[in-house]
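Below: input.json (JSON, C-alpha atoms and all ligand atoms)
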[["chain", "number", "residue", "atom", "x", "y", "z"],
["A", 986, "MET", "CA", -54.53, 20.21, -20.07],
["A", 987, "MET", "CA", -58.01, 20.60, -18.55],
["A", 988, "LEU", "CA", -61.23, 20.00, -20.44],
["A", 989, "ASP", "CA", -63.49, 22.99, -21.02],
["A", 990, "GLU", "CA", -67.23, 23.29, -21.65],
["A", 991, "TYR", "CA", -66.89, 22.35, -25.33],
["A", 992, "ASP", "CA", -65.07, 19.13, -24.47],
["A", 993, "ILE", "CA", -67.43, 18.19, -21.67],
["A", 994, "SER", "CA", -70.31, 18.58, -24.07],
["A", 995, "ARG", "CA", -68.63, 16.92, -27.05],
["A", 996, "TYR", "CA", -67.63, 13.82, -25.08],
["A", 997, "ASP", "CA", -70.66, 13.76, -22.79],
["A", 998, "ARG", "CA", -71.89, 10.30, -23.77],
["A", 999, "GLN", "CA", -68.58, 8.58, -23.10],
["A", 1000, "ILE", "CA", -67.78, 10.69, -20.02],
["A", 1001, "ARG", "CA", -70.95, 9.11, -18.63],
["A", 1002, "VAL", "CA", -69.24, 5.74, -19.15],
["A", 1003, "PHE", "CA", -65.70, 6.35, -17.90],
["A", 1004, "GLY", "CA", -65.58, 9.80, -16.29],
["A", 1005, "VAL", "CA", -64.02, 13.22, -16.87],
["A", 1006, "GLU", "CA", -60.60, 12.23, -15.57],
["A", 1007, "ASN", "CA", -60.36, 9.46, -18.12],
["A", 1008, "GLN", "CA", -61.40, 11.84, -20.89],
["A", 1009, "GLU", "CA", -58.56, 14.12, -19.76],
["A", 1010, "LYS", "CA", -56.21, 11.15, -19.93],
["A", 1011, "LEU", "CA", -57.24, 10.59, -23.56],
["A", 1012, "ARG", "CA", -56.61, 14.27, -24.28],
["A", 1013, "ASN", "CA", -53.11, 13.93, -22.84],
["A", 1014, "SER", "CA", -52.27, 10.76, -24.78],
["A", 1015, "THR", "CA", -50.24, 10.19, -27.91],
["A", 1016, "VAL", "CA", -50.99, 7.30, -30.27],
["A", 1017, "LEU", "CA", -48.82, 6.25, -33.19],
["A", 1018, "VAL", "CA", -50.70, 4.63, -36.08],
["A", 1019, "VAL", "CA", -48.53, 2.97, -38.73],
["A", 1020, "GLY", "CA", -50.49, 2.58, -41.96],
["A", 1021, "ALA", "CA", -53.39, 4.68, -43.20],
["A", 1022, "GLY", "CA", -55.19, 2.11, -45.34],
["A", 1023, "GLY", "CA", -58.32, 0.14, -44.47],
["A", 1024, "LEU", "CA", -57.42, -0.57, -40.83],
["A", 1025, "GLY", "CA", -55.94, 2.91, -40.46],
["A", 1026, "SER", "CA", -59.06, 4.62, -41.81],
["A", 1027, "ALA", "CA", -61.22, 3.01, -39.14],
["A", 1028, "VAL", "CA", -58.86, 3.25, -36.18],
["A", 1029, "LEU", "CA", -57.85, 6.84, -36.94],
["A", 1030, "THR", "CA", -61.43, 7.98, -37.36],
["A", 1031, "TYR", "CA", -62.52, 6.62, -33.97],
["A", 1032, "LEU", "CA", -59.42, 7.78, -32.09],
["A", 1033, "THR", "CA", -60.01, 11.24, -33.54],
["A", 1034, "TYR", "CA", -63.68, 11.36, -32.62],
["A", 1035, "MET", "CA", -63.05, 9.98, -29.14],
["A", 1036, "GLY", "CA", -60.57, 12.77, -28.39],
["A", 1037, "ILE", "CA", -57.07, 11.27, -28.32],
["A", 1038, "GLY", "CA", -54.94, 14.41, -27.90],
["A", 1039, "LYS", "CA", -52.18, 13.60, -30.35],
["A", 1040, "LEU", "CA", -52.05, 11.23, -33.30],
["A", 1041, "MET", "CA", -48.95, 10.42, -35.30],
["A", 1042, "VAL", "CA", -49.64, 8.77, -38.65],
["A", 1043, "VAL", "CA", -47.17, 7.14, -41.03],
["A", 1044, "ASP", "CA", -48.02, 6.23, -44.63],
["A", 1045, "GLU", "CA", -45.99, 6.83, -47.76],
["A", 1046, "GLY", "CA", -48.81, 5.80, -50.09],
["A", 1047, "ILE", "CA", -50.88, 7.65, -52.66],
["A", 1048, "VAL", "CA", -54.64, 7.28, -52.87],
["A", 1049, "GLU", "CA", -55.64, 4.87, -55.64],
["A", 1050, "LEU", "CA", -59.05, 3.96, -57.03],
["A", 1051, "SER", "CA", -58.68, 0.36, -55.82],
["A", 1052, "ASN", "CA", -58.37, 1.63, -52.21],
["A", 1053, "LEU", "CA", -61.90, 2.97, -52.23],
["A", 1054, "ASN", "CA", -63.77, -0.24, -51.33],
["A", 1055, "ARG", "CA", -62.44, 0.02, -47.78],
["A", 1056, "GLN", "CA", -60.25, 3.06, -47.08],
["A", 1057, "ILE", "CA", -63.05, 5.32, -45.96],
["A", 1058, "LEU", "CA", -60.93, 8.37, -45.18],
["A", 1059, "TYR", "CA", -60.58, 8.94, -48.93],
["A", 1060, "ASN", "CA", -62.87, 9.67, -51.83],
["A", 1061, "ASP", "CA", -62.59, 9.97, -55.60],
["A", 1062, "SER", "CA", -61.29, 13.53, -55.52],
["A", 1063, "ASP", "CA", -58.33, 12.38, -53.38],
["A", 1064, "ILE", "CA", -56.99, 9.96, -56.01],
["A", 1065, "GLY", "CA", -53.36, 10.78, -56.76],
["A", 1066, "LYS", "CA", -52.85, 12.69, -53.50],
["A", 1067, "LEU", "CA", -50.58, 11.61, -50.66],
["A", 1068, "LYS", "CA", -52.59, 9.69, -48.08],
["A", 1069, "ALA", "CA", -50.73, 11.47, -45.28],
["A", 1070, "ASP", "CA", -51.86, 14.88, -46.53],
["A", 1071, "VAL", "CA", -55.49, 13.82, -46.91],
["A", 1072, "VAL", "CA", -55.53, 12.12, -43.50],
["A", 1073, "CYS", "CA", -54.15, 15.19, -41.74],
["A", 1074, "ARG", "CA", -56.76, 17.46, -43.29],
["A", 1075, "LYS", "CA", -59.70, 15.12, -42.73],
["A", 1076, "LEU", "CA", -58.90, 14.32, -39.12],
["A", 1077, "LYS", "CA", -58.35, 17.96, -38.21],
["A", 1078, "GLU", "CA", -61.72, 18.78, -39.78],
["A", 1079, "ALA", "CA", -63.32, 15.94, -37.84],
["A", 1080, "ASN", "CA", -61.94, 17.16, -34.53],
["A", 1081, "PRO", "CA", -60.25, 20.57, -34.51],
["A", 1082, "ARG", "CA", -59.12, 20.14, -30.91],
["A", 1083, "ILE", "CA", -56.70, 17.30, -31.50],
["A", 1084, "TYR", "CA", -53.18, 17.46, -32.83],
["A", 1085, "VAL", "CA", -52.37, 15.31, -35.87],
["A", 1086, "GLU", "CA", -48.89, 14.83, -37.25],
["A", 1087, "CYS", "CA", -48.60, 12.94, -40.55],
["A", 1088, "PHE", "CA", -45.47, 11.48, -42.08],
["A", 1089, "ALA", "CA", -45.54, 10.78, -45.83],
["A", 1090, "ARG", "CA", -42.54, 8.51, -45.52],
["A", 1091, "LYS", "CA", -41.79, 4.84, -45.69],
["A", 1092, "PHE", "CA", -41.91, 3.31, -42.23],
["A", 1093, "ASP", "CA", -38.32, 2.37, -41.47],
["A", 1094, "ARG", "CA", -36.06, 1.94, -38.47],
["A", 1095, "VAL", "CA", -34.95, 5.58, -38.34],
["A", 1096, "LEU", "CA", -38.47, 6.99, -38.36],
["A", 1097, "GLY", "CA", -39.70, 4.20, -36.09],
["A", 1098, "GLU", "CA", -37.04, 4.92, -33.46],
["A", 1099, "GLU", "CA", -38.05, 8.57, -33.47],
["A", 1100, "LEU", "CA", -41.80, 8.00, -33.17],
["A", 1101, "VAL", "CA", -42.27, 4.85, -31.07],
["A", 1102, "LYS", "CA", -40.57, 6.34, -28.02],
["A", 1103, "LYS", "CA", -42.93, 9.35, -28.11],
["A", 1104, "ALA", "CA", -46.09, 7.21, -28.19],
["A", 1105, "ASP", "CA", -48.17, 5.92, -25.28],
["A", 1106, "VAL", "CA", -49.71, 3.24, -27.49],
["A", 1107, "VAL", "CA", -48.72, 2.00, -30.96],
["A", 1108, "ILE", "CA", -51.13, 0.64, -33.56],
["A", 1109, "ASP", "CA", -50.22, -1.81, -36.29],
["A", 1110, "ALA", "CA", -52.42, -0.89, -39.25],
["A", 1111, "LEU", "CA", -49.97, -2.38, -41.72],
["A", 1112, "ASP", "CA", -50.47, -4.92, -44.49],
["A", 1113, "ASN", "CA", -47.20, -6.84, -44.36],
["A", 1114, "TRP", "CA", -45.14, -8.79, -41.83],
["A", 1115, "ASP", "CA", -41.76, -7.20, -42.63],
["A", 1116, "ASP", "CA", -42.83, -3.76, -41.42],
["A", 1117, "ARG", "CA", -44.92, -5.32, -38.66],
["A", 1118, "LEU", "CA", -41.94, -7.19, -37.20],
["A", 1119, "LEU", "CA", -39.82, -4.04, -37.30],
["A", 1120, "LEU", "CA", -42.57, -2.16, -35.47],
["A", 1121, "ASN", "CA", -42.82, -5.03, -32.97],
["A", 1122, "GLU", "CA", -39.07, -4.95, -32.34],
["A", 1123, "LEU", "CA", -39.15, -1.21, -31.59],
["A", 1124, "CYS", "CA", -42.18, -1.55, -29.31],
["A", 1125, "VAL", "CA", -40.39, -4.27, -27.34],
["A", 1126, "LYS", "CA", -37.25, -2.12, -27.17],
["A", 1127, "TYR", "CA", -39.14, 0.89, -25.79],
["A", 1128, "LYS", "CA", -41.69, -1.22, -23.87],
["A", 1129, "LYS", "CA", -44.69, 0.34, -25.61],
["A", 1130, "PRO", "CA", -48.03, -1.47, -25.86],
["A", 1131, "LEU", "CA", -48.64, -2.55, -29.47],
["A", 1132, "ILE", "CA", -52.06, -3.35, -30.87],
["A", 1133, "HIS", "CA", -51.85, -5.67, -33.85],
["A", 1134, "ALA", "CA", -54.51, -6.47, -36.41],
["A", 1135, "GLY", "CA", -54.35, -8.19, -39.76],
["A", 1136, "VAL", "CA", -57.01, -8.87, -42.37],
["A", 1137, "GLU", "CA", -57.62, -10.98, -45.45],
["A", 1138, "GLY", "CA", -60.89, -11.63, -47.25],
["A", 1139, "TRP", "CA", -63.61, -11.96, -44.60],
["A", 1140, "TYR", "CA", -61.09, -12.85, -41.88],
["A", 1141, "GLY", "CA", -59.20, -10.85, -39.32],
["A", 1142, "GLN", "CA", -57.10, -11.27, -36.22],
["A", 1143, "ILE", "CA", -56.22, -8.94, -33.38],
["A", 1144, "THR", "CA", -54.11, -9.04, -30.23],
["A", 1145, "THR", "CA", -52.44, -6.60, -27.88],
["A", 1146, "VAL", "CA", -48.76, -6.92, -27.03],
["A", 1147, "LEU", "CA", -47.51, -5.74, -23.66],
["A", 1148, "PRO", "CA", -43.73, -6.17, -23.94],
["A", 1149, "GLY", "CA", -42.31, -8.40, -21.22],
["A", 1150, "LYS", "CA", -45.74, -9.66, -20.19],
["A", 1151, "THR", "CA", -47.44, -11.08, -23.29],
["A", 1152, "PRO", "CA", -46.15, -12.76, -26.45],
["A", 1153, "CYS", "CA", -44.73, -10.30, -28.96],
["A", 1154, "LEU", "CA", -45.56, -10.51, -32.66],
["A", 1155, "TYR", "CA", -42.36, -12.42, -33.35],
["A", 1156, "CYS", "CA", -43.54, -15.14, -30.93],
["A", 1157, "ILE", "CA", -46.70, -15.64, -33.01],
["A", 1158, "LYS", "CA", -45.60, -14.71, -36.52],
["A", 1159, "PRO", "CA", -46.70, -17.04, -39.30],
["A", 1160, "SER", "CA", -44.01, -19.62, -40.08],
["A", 1161, "ARG", "CA", -44.45, -19.03, -43.79],
["A", 1162, "ARG", "CA", -45.06, -15.55, -45.00],
["A", 1163, "ARG", "CA", -46.41, -14.85, -48.42],
["A", 1164, "ALA", "CA", -44.42, -12.65, -50.75],
["A", 1165, "LYS", "CA", -45.74, -9.11, -50.96],
["A", 1166, "SER", "CA", -48.77, -9.26, -53.18],
["A", 1167, "THR", "CA", -52.25, -7.87, -53.47],
["A", 1168, "ILE", "CA", -54.27, -9.15, -50.51],
["A", 1169, "PRO", "CA", -57.96, -9.65, -51.30],
["A", 1170, "VAL", "CA", -60.08, -7.80, -48.72],
["A", 1171, "VAL", "CA", -63.82, -7.32, -48.32],
["A", 1172, "GLY", "CA", -64.44, -3.66, -47.41],
["A", 1173, "VAL", "CA", -66.00, -4.25, -44.00],
["A", 1174, "THR", "CA", -63.21, -6.50, -42.66],
["A", 1175, "PRO", "CA", -60.59, -3.80, -41.95],
["A", 1176, "GLY", "CA", -63.44, -1.60, -40.73],
["A", 1177, "VAL", "CA", -64.40, -4.07, -38.00],
["A", 1178, "LEU", "CA", -60.80, -4.82, -37.03],
["A", 1179, "GLY", "CA", -59.79, -1.14, -37.07],
["A", 1180, "VAL", "CA", -62.64, -0.22, -34.74],
["A", 1181, "LEU", "CA", -61.60, -3.06, -32.42],
["A", 1182, "GLU", "CA", -58.05, -1.71, -32.43],
["A", 1183, "ALA", "CA", -59.40, 1.69, -31.37],
["A", 1184, "ALA", "CA", -61.37, 0.06, -28.55],
["A", 1185, "GLU", "CA", -58.24, -1.76, -27.38],
["A", 1186, "ALA", "CA", -56.18, 1.46, -27.52],
["A", 1187, "ILE", "CA", -58.68, 3.33, -25.34],
["A", 1188, "LYS", "CA", -58.75, 0.51, -22.77],
["A", 1189, "VAL", "CA", -54.97, 0.23, -22.67],
["A", 1190, "ILE", "CA", -54.56, 4.00, -22.18],
["A", 1191, "LEU", "CA", -57.20, 4.12, -19.47],
["A", 1192, "ASN", "CA", -56.26, 0.77, -17.91],
["A", 1193, "LEU", "CA", -59.86, -0.40, -18.16],
["A", 1194, "GLY", "CA", -61.54, -3.72, -18.91],
["A", 1195, "GLN", "CA", -59.75, -6.75, -20.33],
["A", 1196, "PRO", "CA", -57.55, -5.97, -23.30],
["A", 1197, "LEU", "CA", -56.44, -8.86, -25.52],
["A", 1198, "TYR", "CA", -53.28, -9.53, -23.51],
["A", 1199, "GLY", "CA", -52.07, -13.06, -24.31],
["A", 1200, "ARG", "CA", -55.17, -13.66, -26.41],
["A", 1201, "LEU", "CA", -55.55, -13.67, -30.16],
["A", 1202, "LEU", "CA", -59.08, -12.90, -31.30],
["A", 1203, "LEU", "CA", -59.92, -14.58, -34.62],
["A", 1204, "ILE", "CA", -62.82, -13.11, -36.53],
["A", 1205, "ASP", "CA", -64.66, -14.74, -39.39],
["A", 1206, "LEU", "CA", -67.22, -12.33, -40.80],
["A", 1207, "TYR", "CA", -68.38, -14.95, -43.31],
["A", 1208, "THR", "CA", -69.73, -17.27, -40.60],
["A", 1209, "MET", "CA", -69.91, -14.52, -37.94],
["A", 1210, "GLU", "CA", -67.83, -16.58, -35.54],
["A", 1211, "PHE", "CA", -65.54, -14.77, -33.14],
["A", 1212, "ARG", "CA", -63.13, -16.92, -31.17],
["A", 1213, "SER", "CA", -60.19, -16.02, -28.94],
["A", 1214, "ILE", "CA", -57.30, -18.36, -28.36],
["A", 1215, "GLU", "CA", -54.65, -18.18, -25.68],
["A", 1216, "ILE", "CA", -51.17, -17.43, -27.00],
["A", 1217, "LYS", "CA", -47.91, -18.08, -25.15],
["A", 1218, "ARG", "CA", -44.54, -16.36, -25.12],
["A", 1219, "ASN", "CA", -41.76, -18.20, -26.89],
["A", 1220, "PRO", "CA", -39.02, -18.44, -24.24],
["A", 1221, "LEU", "CA", -36.45, -18.49, -27.04],
["A", 1222, "CYS", "CA", -37.93, -15.53, -28.94],
["A", 1223, "PRO", "CA", -34.99, -13.50, -30.27],
["A", 1224, "VAL", "CA", -36.98, -10.27, -29.83],
["A", 1225, "CYS", "CA", -38.73, -10.44, -26.46],
["A", 1226, "SER", "CA", -37.03, -13.22, -24.47],
["A", 1227, "ILE", "CA", -34.51, -10.72, -23.05],
["A", 1228, "LEU", "CA", -37.35, -9.03, -21.18],
["A", 1229, "SER", "CA", -38.20, -10.93, -18.02],
["A", 1230, "ALA", "CA", -41.80, -11.37, -17.03],
["A", 1231, "GLU", "CA", -41.18, -9.02, -14.10],
["A", 1232, "SER", "CA", -39.88, -6.09, -16.13],
["B", 1, "ZN", "ZN", -41.46, -12.57, -28.66]]

Could you take the file, read its structure, and then write that structure out as structure tokens?
Amino acid sequence: MMLDEYDISRYDRQIRVFGVENQEKLRNSTVLVVGAGGLGSAVLTYLTYMGIGKLMVVDEGIVELSNLNRQILYNDSDIGKLKADVVCRKLKEANPRIYVECFARKFDRVLGEELVKKADVVIDALDNWDDRLLLNELCVKYKKPLIHAGVEGWYGQITTVLPGKTPCLYCIKPSRRRAKSTIPVVGVTPGVLGVLEAAEAIKVILNLGQPLYGRLLLIDLYTMEFRSIEIKRNPLCPVCSILSAES
């Protein structure tokens, strides 16, 4: 699909950075975002405004008052509504030229199999490691780039998985995972990490810059220290070790 005058004008400032052809590439891309909470609000907003052609969003949740310190896609009048319905409406209003498909369903293997293979890039905007590891497994299976972020308090982490080349999330998963519980989060933390996920997604789609391949960026907003550490593949990883480095 070619860009017309409206698009050229709408995306003018970023076309000046990476060119019309790359803007067309964004238009022709599909991104799957799993989770429409704090991380999801930020990443979805920027992917929408930057002109990703198709977004697929999965979230079974309902908007609650306690979401509203950080989940900026929602407001008080949305309380009690399905997040997926609100997201679809808001994103289409924000950019009528993009296609948004929302799934008000629990993220599970059946839905994941259906959606991951259709995506060019997959975004982990989840809040628990069970779903995250399932998403990771499917991304490795279909060799889809996966952008992971996680947040707690003032802290966040982000990396980008390129199956067969970089560590997968199973290679770096925490050895002890907490039981599902309410994670304390300062409003800005998922905002920062979600925006970084959007930046990574754009670079991966356009093959620009240096995405966080094999690097885990640790962010401490309390001290304002950002530090990236090298991460290595686990040669015995039950998920990704079957993929050779050449594949
Ligand atoms: Zn692995």

- Task: For ligand ZN 1 (chain B), list the contacting residues at 12 Å or closer, counting all atoms listed in the file, as an MDAnalysis selection string.
- Result: chainID A and resid 1118 1121:1126 1146:1158 1199 1216:1230

- Query: Within 9 Å of (-64.9, 4.7, -45.3), only C-alpha atoms: residues as a PyMOL selection string?
  - Reply: chain A and resi 1023+1026-1027+1053-1060+1172+1176

Contacts between range 1105-1108 of chain A and range 1041-1100 of chain A, please, where a residue of range 1041-1100 of chain A counts if it comes within 12 Å (with all atoms listed in the file); show its shortest atom pair and distance in Å to one decimal, rows by chain and ascending number, as JSON lines.
{"residue": "A:Met1041", "atom": "CA", "partner": "A:Val1107", "partner_atom": "CA", "distance": 9.5}
{"residue": "A:Val1042", "atom": "CA", "partner": "A:Ile1108", "partner_atom": "CA", "distance": 9.7}
{"residue": "A:Val1043", "atom": "CA", "partner": "A:Ile1108", "partner_atom": "CA", "distance": 10.7}
{"residue": "A:Gly1097", "atom": "CA", "partner": "A:Val1107", "partner_atom": "CA", "distance": 10.6}
{"residue": "A:Leu1100", "atom": "CA", "partner": "A:Val1107", "partner_atom": "CA", "distance": 9.4}

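CA of Leu1201 in chain A is positioned 28.7 Å from CA of Asn1013 in chain A.
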
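Contact shell of range 1068-1085 of chain A at 9 Å (all atoms listed in the file; same-chain neighbours under 4 positions omitted): A:Asp992, A:Arg1012, A:Ala1021, A:Gly1022, A:Ser1026, A:Leu1029, A:Thr1030, A:Thr1033, A:Tyr1034, A:Gly1036, A:Ile1037, A:Gly1038, A:Lys1039, A:Leu1040, A:Met1041, A:Val1042, A:Val1043, A:Asp1044, A:Glu1045, A:Gly1046, A:Ile1047, A:Val1048, A:Leu1058, A:Tyr1059, A:Asp1063, A:Ala1089, A:Arg1090.
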
- Task: Considering all atoms listed in the file, return as a list of chain:residue names whatever protein or nucleic-acid residues lie within 12 Å of Gln1008 in chain A, sequence-local ones (same chain, fewer than 6 positions apart) excluded.
- Result: A:Met986, A:Met987, A:Leu988, A:Asp989, A:Asp992, A:Ile993, A:Ser994, A:Arg995, A:Tyr996, A:Asp997, A:Arg998, A:Gln999, A:Ile1000, A:Arg1001, A:Val1002, A:Ser1014, A:Tyr1034, A:Met1035, A:Gly1036, A:Ile1037, A:Gly1038, A:Ile1187, A:Lys1188, A:Ile1190, A:Leu1191

- Item | Selected residue of minimal separation from Asp1205 in chain A among A:Val1189, A:Val1180, A:Val1173, A:Val1101, counting only C-alpha atoms | A:Val1173

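For the residues A:His1133, A:Arg1094, A:Lys1103, A:Arg1117, ranking by smallest atom-to-atom distance to Ala1186 in chain A using all atoms listed in the file places A:His1133 first.
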
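For the pair CA of Leu1203 in chain A and CA of Ile1132 in chain A, the interatomic distance is 14.2 Å.
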
- Query: Smallest atom-to-atom distance to Thr1208 in chain A: which of A:Trp1139, A:Asn1192, A:Pro1159, A:Leu1032, using only C-alpha atoms?
  - Reply: A:Trp1139

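If you look at CA of Asp1115 in chain A and CA of Lys1129 in chain A, they are 18.8 Å away from each other.
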
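Within 9 Å of Asp1093 in chain A, once all atoms listed in the file are used and residues closer than 4 positions along the same chain are dropped, the contacting residues are Gly1097, Glu1098, Asp1116, Leu1119 and Leu1120 of chain A.
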
Kindly output range 1140-1149 of chain A as a CSV table (one decimal), keeping the file's coordinate frame, after building all heavy atoms.
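Final output, saved to rebuild-v4.csv:
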chain,number,residue,atom,x,y,z
A,1140,TYR,N,-61.7,-12.4,-43.2
A,1140,TYR,CA,-61.1,-12.8,-41.9
A,1140,TYR,C,-60.2,-11.8,-41.3
A,1140,TYR,O,-59.6,-11.0,-42.0
A,1140,TYR,CB,-60.2,-14.1,-42.1
A,1140,TYR,CG,-60.9,-15.2,-42.8
A,1140,TYR,CD1,-60.6,-15.4,-44.2
A,1140,TYR,CD2,-62.0,-15.9,-42.3
A,1140,TYR,CE1,-61.3,-16.4,-44.9
A,1140,TYR,CE2,-62.7,-16.9,-43.0
A,1140,TYR,CZ,-62.3,-17.1,-44.3
A,1140,TYR,OH,-63.0,-18.1,-45.0
A,1141,GLY,N,-60.1,-11.8,-40.0
A,1141,GLY,CA,-59.2,-10.8,-39.3
A,1141,GLY,C,-58.7,-11.4,-38.0
A,1141,GLY,O,-59.3,-12.4,-37.5
A,1142,GLN,N,-57.6,-10.9,-37.5
A,1142,GLN,CA,-57.1,-11.3,-36.2
A,1142,GLN,C,-56.6,-10.0,-35.5
A,1142,GLN,O,-56.2,-9.1,-36.1
A,1142,GLN,CB,-56.0,-12.3,-36.3
A,1142,GLN,CG,-54.7,-11.8,-37.0
A,1142,GLN,CD,-53.6,-12.8,-37.0
A,1142,GLN,OE1,-53.8,-14.0,-37.1
A,1142,GLN,NE2,-52.4,-12.4,-36.8
A,1143,ILE,N,-56.7,-10.1,-34.2
A,1143,ILE,CA,-56.2,-8.9,-33.4
A,1143,ILE,C,-55.7,-9.4,-32.0
A,1143,ILE,O,-56.2,-10.4,-31.5
A,1143,ILE,CB,-57.4,-7.9,-33.2
A,1143,ILE,CG1,-57.0,-6.8,-32.2
A,1143,ILE,CG2,-58.7,-8.5,-32.8
A,1143,ILE,CD1,-57.9,-5.6,-32.2
A,1144,THR,N,-54.6,-8.8,-31.6
A,1144,THR,CA,-54.1,-9.0,-30.2
A,1144,THR,C,-53.4,-7.8,-29.7
A,1144,THR,O,-53.1,-6.9,-30.5
A,1144,THR,CB,-53.2,-10.3,-30.2
A,1144,THR,OG1,-52.9,-10.6,-28.8
A,1144,THR,CG2,-51.8,-10.0,-30.9
A,1145,THR,N,-53.2,-7.7,-28.4
A,1145,THR,CA,-52.4,-6.6,-27.9
A,1145,THR,C,-51.2,-7.1,-27.2
A,1145,THR,O,-51.2,-8.0,-26.3
A,1145,THR,CB,-53.3,-5.8,-26.9
A,1145,THR,OG1,-54.5,-5.3,-27.7
A,1145,THR,CG2,-52.6,-4.6,-26.3
A,1146,VAL,N,-50.1,-6.5,-27.6
A,1146,VAL,CA,-48.8,-6.9,-27.0
A,1146,VAL,C,-48.4,-6.0,-25.9
A,1146,VAL,O,-48.4,-4.7,-26.1
A,1146,VAL,CB,-47.7,-6.9,-28.1
A,1146,VAL,CG1,-46.3,-7.2,-27.6
A,1146,VAL,CG2,-48.0,-7.8,-29.3
A,1147,LEU,N,-48.1,-6.5,-24.8
A,1147,LEU,CA,-47.5,-5.7,-23.7
A,1147,LEU,C,-46.1,-6.3,-23.4
A,1147,LEU,O,-45.9,-7.4,-22.8
A,1147,LEU,CB,-48.4,-5.9,-22.4
A,1147,LEU,CG,-48.4,-4.8,-21.4
A,1147,LEU,CD1,-48.7,-3.5,-22.0
A,1147,LEU,CD2,-49.4,-5.1,-20.3
A,1148,PRO,N,-45.1,-5.6,-23.9
A,1148,PRO,CA,-43.7,-6.2,-23.9
A,1148,PRO,C,-43.3,-6.6,-22.5
A,1148,PRO,O,-43.5,-5.9,-21.6
A,1148,PRO,CB,-42.9,-5.0,-24.4
A,1148,PRO,CG,-43.8,-4.2,-25.3
A,1148,PRO,CD,-45.1,-4.3,-24.6
A,1149,GLY,N,-42.8,-7.8,-22.5
A,1149,GLY,CA,-42.3,-8.4,-21.2
A,1149,GLY,C,-43.4,-9.2,-20.5
A,1149,GLY,O,-43.1,-10.0,-19.6
